[in-house]
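Colleague: Structure in structure tokens, see below.
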Amino acid sequence: MHSIAEVFQTIGIAAVMFAATNADDLVLLTLFFAQPGCRPSQIVLGQLAGIGSLVAISYTLSTLALAVPHGWVPWLGLVPVYLGIRWLRRSPEGHAAPPVTTWWAVAGITMANGADNLGVYIPAFTMQSGREKILTGAVFFALTMVWCLIARGATQHRTLGPVLSRICGRAAPYVLIGIGLWVIAHHPVFGWFAP
């Protein structure tokens, strides 16, 4: 990263990636926090562990993707496009909160629910420098904490939870498609937005 503008661009892209791939996690977190006798510290720790594991897997696989011939890399952007289209085509389904909210249960559910995270993060990380990856990881950590605060607050407002779920559920597939197109369009193979 060579300028403040590039730093803010990386932060903005990271925030959009996180919001698009974790809209469903926001719903799950709200359900976790709404359970009687929930332990907030266990939920937060589990969510951090789950997101951290997904990021670590994505970092590793994005490094391996560097061995892929250069011309193939931009086509990894088709994965989030596909996920967004599939999301738009599927019928809405409810999310059931599991009965146990130990940190490892929350982490496991977050990871099991993370196919869209991997599909978006891997191609995006393939495009980023080492510093950009570190900054993106920091943004993800901060936003995970924000997500937990929002979900915790939503449990205290009877009308906020359903509205939040509805808005995130409607916006997320379009954002996924946009991220996929961004990955494709910004690759040097095309040079559409190359500096």
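By convention in this document, the chains of the structure tokens carry letters A, B, ... by their order, each chain's residues are numbered from 1, and ligands are numbered from 1 in the order they are shown.
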Applying 10 Å and only C-alpha atoms, which residues near A:Gln128 remain after dropping the ones on its own chain fewer than 5 positions away? List them as an mmCIF file with all heavy atoms, in the first residue's frame.
Modeller:
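Just written: out-v3.cif:
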```cif
data_model
loop_
_atom_site.group_PDB
_atom_site.id
_atom_site.type_symbol
_atom_site.label_atom_id
_atom_site.label_comp_id
_atom_site.auth_asym_id
_atom_site.auth_seq_id
_atom_site.Cartn_x
_atom_site.Cartn_y
_atom_site.Cartn_z
ATOM 1 N N MET A 1 0.851 -1.183 0.000
ATOM 2 C CA MET A 1 0.000 0.000 0.000
ATOM 3 C C MET A 1 0.885 1.231 0.000
ATOM 4 O O MET A 1 1.801 1.332 0.793
ATOM 5 C CB MET A 1 -0.904 -0.005 1.237
ATOM 6 C CG MET A 1 -1.947 -1.104 1.189
ATOM 7 S SD MET A 1 -3.030 -1.065 2.637
ATOM 8 C CE MET A 1 -1.896 -1.636 3.881
ATOM 9 N N THR A 10 -8.648 -0.455 0.986
ATOM 10 C CA THR A 10 -8.542 -1.800 1.552
ATOM 11 C C THR A 10 -9.505 -1.972 2.717
ATOM 12 O O THR A 10 -10.183 -3.005 2.833
ATOM 13 C CB THR A 10 -7.097 -2.074 2.021
ATOM 14 O OG1 THR A 10 -6.216 -1.963 0.901
ATOM 15 C CG2 THR A 10 -6.970 -3.464 2.627
ATOM 16 N N SER A 62 -5.199 -18.959 -0.356
ATOM 17 C CA SER A 62 -4.885 -17.896 -1.314
ATOM 18 C C SER A 62 -3.410 -17.934 -1.684
ATOM 19 O O SER A 62 -3.031 -17.625 -2.813
ATOM 20 C CB SER A 62 -5.255 -16.521 -0.748
ATOM 21 O OG SER A 62 -4.393 -16.147 0.312
ATOM 22 N N PRO A 123 -10.317 -15.678 -3.188
ATOM 23 C CA PRO A 123 -9.930 -14.889 -4.364
ATOM 24 C C PRO A 123 -9.521 -13.463 -4.029
ATOM 25 O O PRO A 123 -8.616 -12.901 -4.653
ATOM 26 C CB PRO A 123 -11.180 -14.912 -5.251
ATOM 27 C CG PRO A 123 -12.295 -15.306 -4.369
ATOM 28 C CD PRO A 123 -11.703 -16.163 -3.292
ATOM 29 N N LYS A 133 -3.446 -7.900 3.438
ATOM 30 C CA LYS A 133 -4.047 -9.036 4.136
ATOM 31 C C LYS A 133 -4.086 -8.793 5.639
ATOM 32 O O LYS A 133 -5.085 -9.101 6.300
ATOM 33 C CB LYS A 133 -3.263 -10.314 3.831
ATOM 34 C CG LYS A 133 -3.432 -10.818 2.411
ATOM 35 C CD LYS A 133 -2.584 -12.054 2.192
ATOM 36 C CE LYS A 133 -2.686 -12.524 0.752
ATOM 37 N NZ LYS A 133 -1.842 -13.710 0.474
ATOM 38 N N ILE A 134 -3.009 -8.255 6.188
ATOM 39 C CA ILE A 134 -2.968 -7.962 7.628
ATOM 40 C C ILE A 134 -4.029 -6.925 7.989
ATOM 41 O O ILE A 134 -4.757 -7.073 8.978
ATOM 42 C CB ILE A 134 -1.567 -7.486 8.044
ATOM 43 C CG1 ILE A 134 -0.567 -8.641 7.927
ATOM 44 C CG2 ILE A 134 -1.583 -6.926 9.466
ATOM 45 C CD1 ILE A 134 0.878 -8.223 8.086
ATOM 46 N N THR A 136 -6.771 -6.252 6.325
ATOM 47 C CA THR A 136 -8.077 -6.888 6.166
ATOM 48 C C THR A 136 -8.406 -7.750 7.377
ATOM 49 O O THR A 136 -9.531 -7.714 7.890
ATOM 50 C CB THR A 136 -8.098 -7.740 4.883
ATOM 51 O OG1 THR A 136 -7.908 -6.887 3.752
ATOM 52 C CG2 THR A 136 -9.430 -8.472 4.726
#
```
Colleague: What are the nearest atom pairs, with distances in Å to one decimal, for all residues of stretch 99-153 of chain A that come at most 7 Å from stretch 23-26 of chain A, using only C-alpha atoms, set out by chain and rising residue number as JSON lines?
Modeller:
```
{"residue": "A:Thr110", "atom": "CA", "partner": "A:Asp25", "partner_atom": "CA", "distance": 7.0}
{"residue": "A:Trp147", "atom": "CA", "partner": "A:Leu26", "partner_atom": "CA", "distance": 6.3}
{"residue": "A:Ala151", "atom": "CA", "partner": "A:Leu26", "partner_atom": "CA", "distance": 6.2}
```
Colleague: Using only C-alpha atoms, which protein or nucleic acid residues come within 12 Å of A:Ser53? Drop anything in the same chain fewer than 3 positions from it, and give the result as JSON, numbers by chain.
Modeller: {"A": [46, 47, 48, 49, 50, 56, 57, 58, 59, 60, 104, 107, 108, 109, 110, 111, 112, 114, 117, 118, 137, 140, 141]}
Colleague: Skip A:Ala138 itself and residues of its chain fewer than 5 positions away, then list as a list in words all residues within 10 Å of it, counting only C-alpha atoms.
Modeller: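 Final neighbour list, sorted by chain and number: Ile11, Ala14, Glu132, Lys133, Leu143 and Thr144 of chain A.
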Colleague: Using only C-alpha atoms, which of the listed residues (A:Ile179, A:Gly130, A:Ala185, A:Cys148) sits closest to A:Leu31?
Modeller: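 Looking at the shortest contact to A:Leu31, the residue is A:Cys148.
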Colleague: Just want the 12 Å neighbourhood of A:Pro173, counted on only C-alpha atoms, with same-chain residues fewer than 5 positions away dropped. Output as a list in words.
Modeller: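 Close residues of A:Pro173: Val16, Met17, Ala19, Ala20, Thr21, Asn22, Ala23, Asp24, Pro80, Val81, Tyr82, Leu83, Gly84, Ile85, Arg86, Trp87, Leu88, Arg89, Arg90, Asp116, Val120, Ile167, Cys168, Gly178, Ile179 and Gly180 of chain A.
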